[in-house]
Amino acid sequence: MRRKYRIKKNKDFQVVFKRGKSFANRQFVLYIMQKPEEKEFRIGLSVSKKIGNAVTRNKVKRLIRQVFTEEKHRIASGKEFIIIARKPAAEMNYHEVKGSLQHLFRKAKIYQPKKM
């Protein structure tokens with residue numbers, strides 16, 4: 001995932017938290033804010049120290065980024081996402097993370113409509 005697709009600044013996080021909608025399951029919380037002027041989507045990741053040590057937190061972030069990279073062609077552009085990992089995410093493997101995030105994506109209806 002390229003750096004230009006990431007949300008890094010606290011100010012940007014706060015805007016999405018205040019104006020965005022949230023969806024959650026046991027492992028993740030997803031905040032979404034519409035940004036129709038943007039060509040691509042951007043993501044921000046928040047993995048607390050409650051999840052585990054630095055190695056565990058970075059592993060969770062890598063798995064989330066990989067899911068977004070693979071699902072990039074299906075996700076509608078013009079949105080900003082923030083993913084907050086909850087404690088159960090630390091014990092998950094890649095396929096479980098992907099399934100959990102896909103569940104949130106369907107719940108939030110962020111997939112592009114299929115073209116016929």
# chains A, B, ... in the order shown; residues from 1 in each chain; ligands from 1
>>> select_by_dssp(residues="chain A", states="helix (DSSP H, G or I)", output="mmCIF file with N, CA and C atoms, in the first residue's frame")
data_model
loop_
_atom_site.group_PDB
_atom_site.id
_atom_site.type_symbol
_atom_site.label_atom_id
_atom_site.label_comp_id
_atom_site.auth_asym_id
_atom_site.auth_seq_id
_atom_site.Cartn_x
_atom_site.Cartn_y
_atom_site.Cartn_z
ATOM 1 N N ARG A 3 2.228 5.075 0.307
ATOM 2 C CA ARG A 3 2.082 6.050 1.388
ATOM 3 C C ARG A 3 0.997 7.092 1.100
ATOM 4 N N LYS A 4 0.789 7.436 -0.158
ATOM 5 C CA LYS A 4 -0.218 8.464 -0.456
ATOM 6 C C LYS A 4 -1.635 7.970 -0.174
ATOM 7 N N TYR A 5 -1.795 6.666 0.008
ATOM 8 C CA TYR A 5 -3.107 6.102 0.321
ATOM 9 C C TYR A 5 -3.321 5.921 1.819
ATOM 10 N N ASN A 10 -2.916 13.172 12.865
ATOM 11 C CA ASN A 10 -3.957 13.103 13.887
ATOM 12 C C ASN A 10 -5.175 13.936 13.483
ATOM 13 N N LYS A 11 -4.933 15.077 12.871
ATOM 14 C CA LYS A 11 -6.023 15.952 12.432
ATOM 15 C C LYS A 11 -6.941 15.213 11.454
ATOM 16 N N ASP A 12 -6.351 14.482 10.512
ATOM 17 C CA ASP A 12 -7.139 13.724 9.535
ATOM 18 C C ASP A 12 -7.928 12.599 10.204
ATOM 19 N N PHE A 13 -7.310 11.934 11.193
ATOM 20 C CA PHE A 13 -8.008 10.891 11.947
ATOM 21 C C PHE A 13 -9.229 11.478 12.649
ATOM 22 N N GLN A 14 -9.044 12.633 13.298
ATOM 23 C CA GLN A 14 -10.135 13.238 14.065
ATOM 24 C C GLN A 14 -11.309 13.636 13.165
ATOM 25 N N VAL A 15 -11.022 14.115 11.965
ATOM 26 C CA VAL A 15 -12.087 14.484 11.029
ATOM 27 C C VAL A 15 -12.922 13.253 10.668
ATOM 28 N N VAL A 16 -12.254 12.138 10.396
ATOM 29 C CA VAL A 16 -12.979 10.914 10.042
ATOM 30 C C VAL A 16 -13.775 10.413 11.241
ATOM 31 N N PHE A 17 -13.210 10.471 12.439
ATOM 32 C CA PHE A 17 -13.928 10.041 13.634
ATOM 33 C C PHE A 17 -15.197 10.866 13.843
ATOM 34 N N LYS A 18 -15.107 12.184 13.629
ATOM 35 C CA LYS A 18 -16.247 13.061 13.899
ATOM 36 C C LYS A 18 -17.315 12.997 12.813
ATOM 37 N N ARG A 19 -16.904 12.960 11.559
ATOM 38 C CA ARG A 19 -17.856 13.043 10.448
ATOM 39 C C ARG A 19 -18.223 11.694 9.840
ATOM 40 N N ALA A 54 5.206 -4.653 20.002
ATOM 41 C CA ALA A 54 5.380 -4.011 18.694
ATOM 42 C C ALA A 54 5.325 -5.019 17.548
ATOM 43 N N VAL A 55 5.893 -6.195 17.755
ATOM 44 C CA VAL A 55 5.896 -7.215 16.707
ATOM 45 C C VAL A 55 4.466 -7.621 16.369
ATOM 46 N N THR A 56 3.650 -7.842 17.374
ATOM 47 C CA THR A 56 2.252 -8.243 17.174
ATOM 48 C C THR A 56 1.465 -7.124 16.504
ATOM 49 N N ARG A 57 1.650 -5.892 16.972
ATOM 50 C CA ARG A 57 0.916 -4.762 16.391
ATOM 51 C C ARG A 57 1.281 -4.580 14.924
ATOM 52 N N ASN A 58 2.566 -4.676 14.591
ATOM 53 C CA ASN A 58 2.978 -4.522 13.196
ATOM 54 C C ASN A 58 2.459 -5.654 12.325
ATOM 55 N N LYS A 59 2.387 -6.853 12.870
ATOM 56 C CA LYS A 59 1.838 -7.990 12.123
ATOM 57 C C LYS A 59 0.368 -7.734 11.775
ATOM 58 N N VAL A 60 -0.406 -7.264 12.756
ATOM 59 C CA VAL A 60 -1.819 -6.962 12.519
ATOM 60 C C VAL A 60 -1.961 -5.888 11.443
ATOM 61 N N LYS A 61 -1.127 -4.850 11.518
ATOM 62 C CA LYS A 61 -1.183 -3.775 10.511
ATOM 63 C C LYS A 61 -0.825 -4.288 9.126
ATOM 64 N N ARG A 62 0.184 -5.155 9.034
ATOM 65 C CA ARG A 62 0.559 -5.728 7.732
ATOM 66 C C ARG A 62 -0.580 -6.547 7.139
ATOM 67 N N LEU A 63 -1.249 -7.332 7.979
ATOM 68 C CA LEU A 63 -2.357 -8.157 7.499
ATOM 69 C C LEU A 63 -3.510 -7.288 6.981
ATOM 70 N N ILE A 64 -3.825 -6.225 7.712
ATOM 71 C CA ILE A 64 -4.904 -5.323 7.288
ATOM 72 C C ILE A 64 -4.548 -4.656 5.966
ATOM 73 N N ARG A 65 -3.308 -4.161 5.844
ATOM 74 C CA ARG A 65 -2.878 -3.524 4.594
ATOM 75 C C ARG A 65 -2.954 -4.495 3.429
ATOM 76 N N GLN A 66 -2.575 -5.751 3.659
ATOM 77 C CA GLN A 66 -2.607 -6.760 2.596
ATOM 78 C C GLN A 66 -4.037 -7.002 2.123
ATOM 79 N N VAL A 67 -4.988 -7.048 3.047
ATOM 80 C CA VAL A 67 -6.393 -7.230 2.660
ATOM 81 C C VAL A 67 -6.850 -6.058 1.807
ATOM 82 N N PHE A 68 -6.509 -4.833 2.208
ATOM 83 C CA PHE A 68 -6.901 -3.664 1.414
ATOM 84 C C PHE A 68 -6.246 -3.702 0.042
ATOM 85 N N THR A 69 -4.998 -4.138 -0.035
ATOM 86 C CA THR A 69 -4.311 -4.218 -1.326
ATOM 87 C C THR A 69 -5.016 -5.214 -2.249
ATOM 88 N N GLU A 70 -5.415 -6.351 -1.708
ATOM 89 C CA GLU A 70 -6.088 -7.356 -2.526
ATOM 90 C C GLU A 70 -7.510 -6.948 -2.905
ATOM 91 N N GLU A 71 -8.186 -6.216 -2.038
ATOM 92 C CA GLU A 71 -9.577 -5.827 -2.292
ATOM 93 C C GLU A 71 -9.679 -4.461 -2.979
ATOM 94 N N LYS A 87 -8.705 -6.491 20.501
ATOM 95 C CA LYS A 87 -7.822 -7.520 21.054
ATOM 96 C C LYS A 87 -7.858 -8.870 20.325
ATOM 97 N N PRO A 88 -9.024 -9.412 19.929
ATOM 98 C CA PRO A 88 -9.030 -10.722 19.261
ATOM 99 C C PRO A 88 -8.248 -10.742 17.940
ATOM 100 N N ALA A 89 -8.006 -9.598 17.345
ATOM 101 C CA ALA A 89 -7.286 -9.541 16.068
ATOM 102 C C ALA A 89 -5.844 -10.024 16.208
ATOM 103 N N ALA A 90 -5.295 -9.970 17.399
ATOM 104 C CA ALA A 90 -3.895 -10.353 17.608
ATOM 105 C C ALA A 90 -3.658 -11.844 17.378
ATOM 106 N N GLU A 91 -4.672 -12.674 17.625
ATOM 107 C CA GLU A 91 -4.509 -14.119 17.480
ATOM 108 C C GLU A 91 -4.970 -14.641 16.120
ATOM 109 N N TYR A 94 -4.077 -14.701 8.545
ATOM 110 C CA TYR A 94 -4.462 -13.841 7.420
ATOM 111 C C TYR A 94 -5.884 -14.112 6.934
ATOM 112 N N HIS A 95 -6.254 -15.378 6.789
ATOM 113 C CA HIS A 95 -7.577 -15.709 6.246
ATOM 114 C C HIS A 95 -8.697 -15.267 7.185
ATOM 115 N N GLU A 96 -8.454 -15.337 8.476
ATOM 116 C CA GLU A 96 -9.451 -14.872 9.442
ATOM 117 C C GLU A 96 -9.583 -13.353 9.401
ATOM 118 N N VAL A 97 -8.465 -12.650 9.285
ATOM 119 C CA VAL A 97 -8.495 -11.188 9.176
ATOM 120 C C VAL A 97 -9.244 -10.783 7.912
ATOM 121 N N LYS A 98 -8.937 -11.438 6.809
ATOM 122 C CA LYS A 98 -9.594 -11.117 5.539
ATOM 123 C C LYS A 98 -11.101 -11.352 5.631
ATOM 124 N N GLY A 99 -11.501 -12.477 6.197
ATOM 125 C CA GLY A 99 -12.927 -12.762 6.344
ATOM 126 C C GLY A 99 -13.635 -11.746 7.215
ATOM 127 N N SER A 100 -12.995 -11.367 8.307
ATOM 128 C CA SER A 100 -13.580 -10.396 9.219
ATOM 129 C C SER A 100 -13.726 -9.023 8.555
ATOM 130 N N LEU A 101 -12.681 -8.595 7.836
ATOM 131 C CA LEU A 101 -12.756 -7.291 7.152
ATOM 132 C C LEU A 101 -13.757 -7.320 6.008
ATOM 133 N N GLN A 102 -13.837 -8.425 5.275
ATOM 134 C CA GLN A 102 -14.829 -8.526 4.203
ATOM 135 C C GLN A 102 -16.242 -8.452 4.779
ATOM 136 N N HIS A 103 -16.443 -9.047 5.942
ATOM 137 C CA HIS A 103 -17.740 -8.942 6.612
ATOM 138 C C HIS A 103 -18.078 -7.476 6.894
ATOM 139 N N LEU A 104 -17.107 -6.719 7.399
ATOM 140 C CA LEU A 104 -17.334 -5.298 7.651
ATOM 141 C C LEU A 104 -17.579 -4.526 6.363
ATOM 142 N N PHE A 105 -16.845 -4.864 5.302
ATOM 143 C CA PHE A 105 -17.022 -4.169 4.021
ATOM 144 C C PHE A 105 -18.440 -4.388 3.485
ATOM 145 N N ARG A 106 -18.927 -5.620 3.592
ATOM 146 C CA ARG A 106 -20.297 -5.901 3.139
ATOM 147 C C ARG A 106 -21.309 -5.175 4.014
ATOM 148 N N LYS A 107 -21.075 -5.170 5.312
ATOM 149 C CA LYS A 107 -21.966 -4.493 6.257
ATOM 150 C C LYS A 107 -22.033 -2.997 5.962
ATOM 151 N N ALA A 108 -20.886 -2.418 5.618
ATOM 152 C CA ALA A 108 -20.804 -0.985 5.334
ATOM 153 C C ALA A 108 -21.152 -0.648 3.889
#
>>> residues_around(residues="region 25-33 of chain A", least_positions_apart="2", cutoff="6 Å", atoms="only C-alpha atoms", output="PDB file with C-alpha atoms, in the first residue's frame")
ATOM      1  CA  VAL A  16     -12.979  10.914  10.042  1.00  0.00           C
ATOM      2  CA  GLY A  20     -17.649   9.382   9.499  1.00  0.00           C
ATOM      3  CA  LYS A  21     -19.954   6.426  10.090  1.00  0.00           C
ATOM      4  CA  SER A  22     -18.768   3.455  12.090  1.00  0.00           C
ATOM      5  CA  PHE A  23     -19.300  -0.277  11.665  1.00  0.00           C
ATOM      6  CA  LYS A  79     -13.677   7.398   0.734  1.00  0.00           C
ATOM      7  CA  GLU A  80     -11.446   7.535   3.781  1.00  0.00           C
ATOM      8  CA  PHE A  81     -11.272   4.548   6.127  1.00  0.00           C
ATOM      9  CA  ILE A  82      -9.951   4.105   9.623  1.00  0.00           C
ATOM     10  CA  ILE A  83      -9.540   0.589  10.958  1.00  0.00           C
ATOM     11  CA  ILE A  84      -9.226   0.081  14.699  1.00  0.00           C
ATOM     12  CA  ALA A  85      -8.057  -3.376  15.721  1.00  0.00           C
ATOM     13  CA  ARG A  86      -9.529  -4.970  18.812  1.00  0.00           C
ATOM     14  CA  PRO A  88      -9.030 -10.722  19.261  1.00  0.00           C
ATOM     15  CA  ALA A  89      -7.286  -9.541  16.068  1.00  0.00           C
TER      16      ALA A  89
END
>>> atom_distance(atom1="CA of Lys8 (chain A)", atom2="CA of Gln112 (chain A)")
25.3 Å
>>> decode(residues="region 10-112 of chain A", atoms="C-alpha atoms", output="compact mmCIF listing (two decimals), in the first residue's frame")
# COMPACT_ATOMS: atom_id res chain seq x y z
CA ASN A 10 -3.96 13.10 13.89
CA LYS A 11 -6.02 15.95 12.43
CA ASP A 12 -7.14 13.72 9.53
CA PHE A 13 -8.01 10.89 11.95
CA GLN A 14 -10.13 13.24 14.07
CA VAL A 15 -12.09 14.48 11.03
CA VAL A 16 -12.98 10.91 10.04
CA PHE A 17 -13.93 10.04 13.63
CA LYS A 18 -16.25 13.06 13.90
CA ARG A 19 -17.86 13.04 10.45
CA GLY A 20 -17.65 9.38 9.50
CA LYS A 21 -19.95 6.43 10.09
CA SER A 22 -18.77 3.46 12.09
CA PHE A 23 -19.30 -0.28 11.67
CA ALA A 24 -17.93 -2.93 13.98
CA ASN A 25 -17.55 -6.61 14.64
CA ARG A 26 -15.62 -8.44 17.37
CA GLN A 27 -12.19 -7.91 15.79
CA PHE A 28 -12.33 -4.50 14.11
CA VAL A 29 -14.05 -1.12 14.06
CA LEU A 30 -14.34 0.56 10.65
CA TYR A 31 -14.93 4.30 10.26
CA ILE A 32 -15.88 5.56 6.80
CA MET A 33 -16.09 9.11 5.54
CA GLN A 34 -17.12 10.15 2.04
CA LYS A 35 -14.59 12.23 0.09
CA PRO A 36 -16.08 12.36 -3.44
CA GLU A 37 -13.36 14.73 -4.73
CA GLU A 38 -10.66 12.09 -4.15
CA LYS A 39 -9.78 9.65 -6.93
CA GLU A 40 -8.58 6.90 -4.59
CA PHE A 41 -9.45 5.82 -1.08
CA ARG A 42 -7.17 6.35 1.92
CA ILE A 43 -6.81 4.21 5.03
CA GLY A 44 -5.61 4.86 8.55
CA LEU A 45 -4.75 2.11 11.00
CA SER A 46 -4.97 2.21 14.77
CA VAL A 47 -3.58 -0.74 16.71
CA SER A 48 -3.35 -0.06 20.43
CA LYS A 49 -0.68 -1.26 22.83
CA LYS A 50 -3.44 -3.34 24.44
CA ILE A 51 -3.17 -5.66 21.41
CA GLY A 52 0.37 -6.74 22.23
CA ASN A 53 4.01 -5.85 21.74
CA ALA A 54 5.38 -4.01 18.69
CA VAL A 55 5.90 -7.22 16.71
CA THR A 56 2.25 -8.24 17.17
CA ARG A 57 0.92 -4.76 16.39
CA ASN A 58 2.98 -4.52 13.20
CA LYS A 59 1.84 -7.99 12.12
CA VAL A 60 -1.82 -6.96 12.52
CA LYS A 61 -1.18 -3.77 10.51
CA ARG A 62 0.56 -5.73 7.73
CA LEU A 63 -2.36 -8.16 7.50
CA ILE A 64 -4.90 -5.32 7.29
CA ARG A 65 -2.88 -3.52 4.59
CA GLN A 66 -2.61 -6.76 2.60
CA VAL A 67 -6.39 -7.23 2.66
CA PHE A 68 -6.90 -3.66 1.41
CA THR A 69 -4.31 -4.22 -1.33
CA GLU A 70 -6.09 -7.36 -2.53
CA GLU A 71 -9.58 -5.83 -2.29
CA LYS A 72 -8.51 -2.48 -3.80
CA HIS A 73 -10.19 -3.11 -7.17
CA ARG A 74 -13.54 -3.87 -5.48
CA ILE A 75 -13.62 -0.94 -3.05
CA ALA A 76 -15.32 2.25 -4.19
CA SER A 77 -13.04 5.29 -4.48
CA GLY A 78 -13.64 8.65 -2.84
CA LYS A 79 -13.68 7.40 0.73
CA GLU A 80 -11.45 7.53 3.78
CA PHE A 81 -11.27 4.55 6.13
CA ILE A 82 -9.95 4.10 9.62
CA ILE A 83 -9.54 0.59 10.96
CA ILE A 84 -9.23 0.08 14.70
CA ALA A 85 -8.06 -3.38 15.72
CA ARG A 86 -9.53 -4.97 18.81
CA LYS A 87 -7.82 -7.52 21.05
CA PRO A 88 -9.03 -10.72 19.26
CA ALA A 89 -7.29 -9.54 16.07
CA ALA A 90 -3.90 -10.35 17.61
CA GLU A 91 -4.51 -14.12 17.48
CA MET A 92 -5.93 -14.19 13.95
CA ASN A 93 -4.21 -15.49 10.84
CA TYR A 94 -4.46 -13.84 7.42
CA HIS A 95 -7.58 -15.71 6.25
CA GLU A 96 -9.45 -14.87 9.44
CA VAL A 97 -8.49 -11.19 9.18
CA LYS A 98 -9.59 -11.12 5.54
CA GLY A 99 -12.93 -12.76 6.34
CA SER A 100 -13.58 -10.40 9.22
CA LEU A 101 -12.76 -7.29 7.15
CA GLN A 102 -14.83 -8.53 4.20
CA HIS A 103 -17.74 -8.94 6.61
CA LEU A 104 -17.33 -5.30 7.65
CA PHE A 105 -17.02 -4.17 4.02
CA ARG A 106 -20.30 -5.90 3.14
CA LYS A 107 -21.97 -4.49 6.26
CA ALA A 108 -20.80 -0.98 5.33
CA LYS A 109 -21.66 -1.49 1.63
CA ILE A 110 -18.33 -0.15 0.37
CA TYR A 111 -17.90 -2.56 -2.52
CA GLN A 112 -18.44 -1.09 -5.97
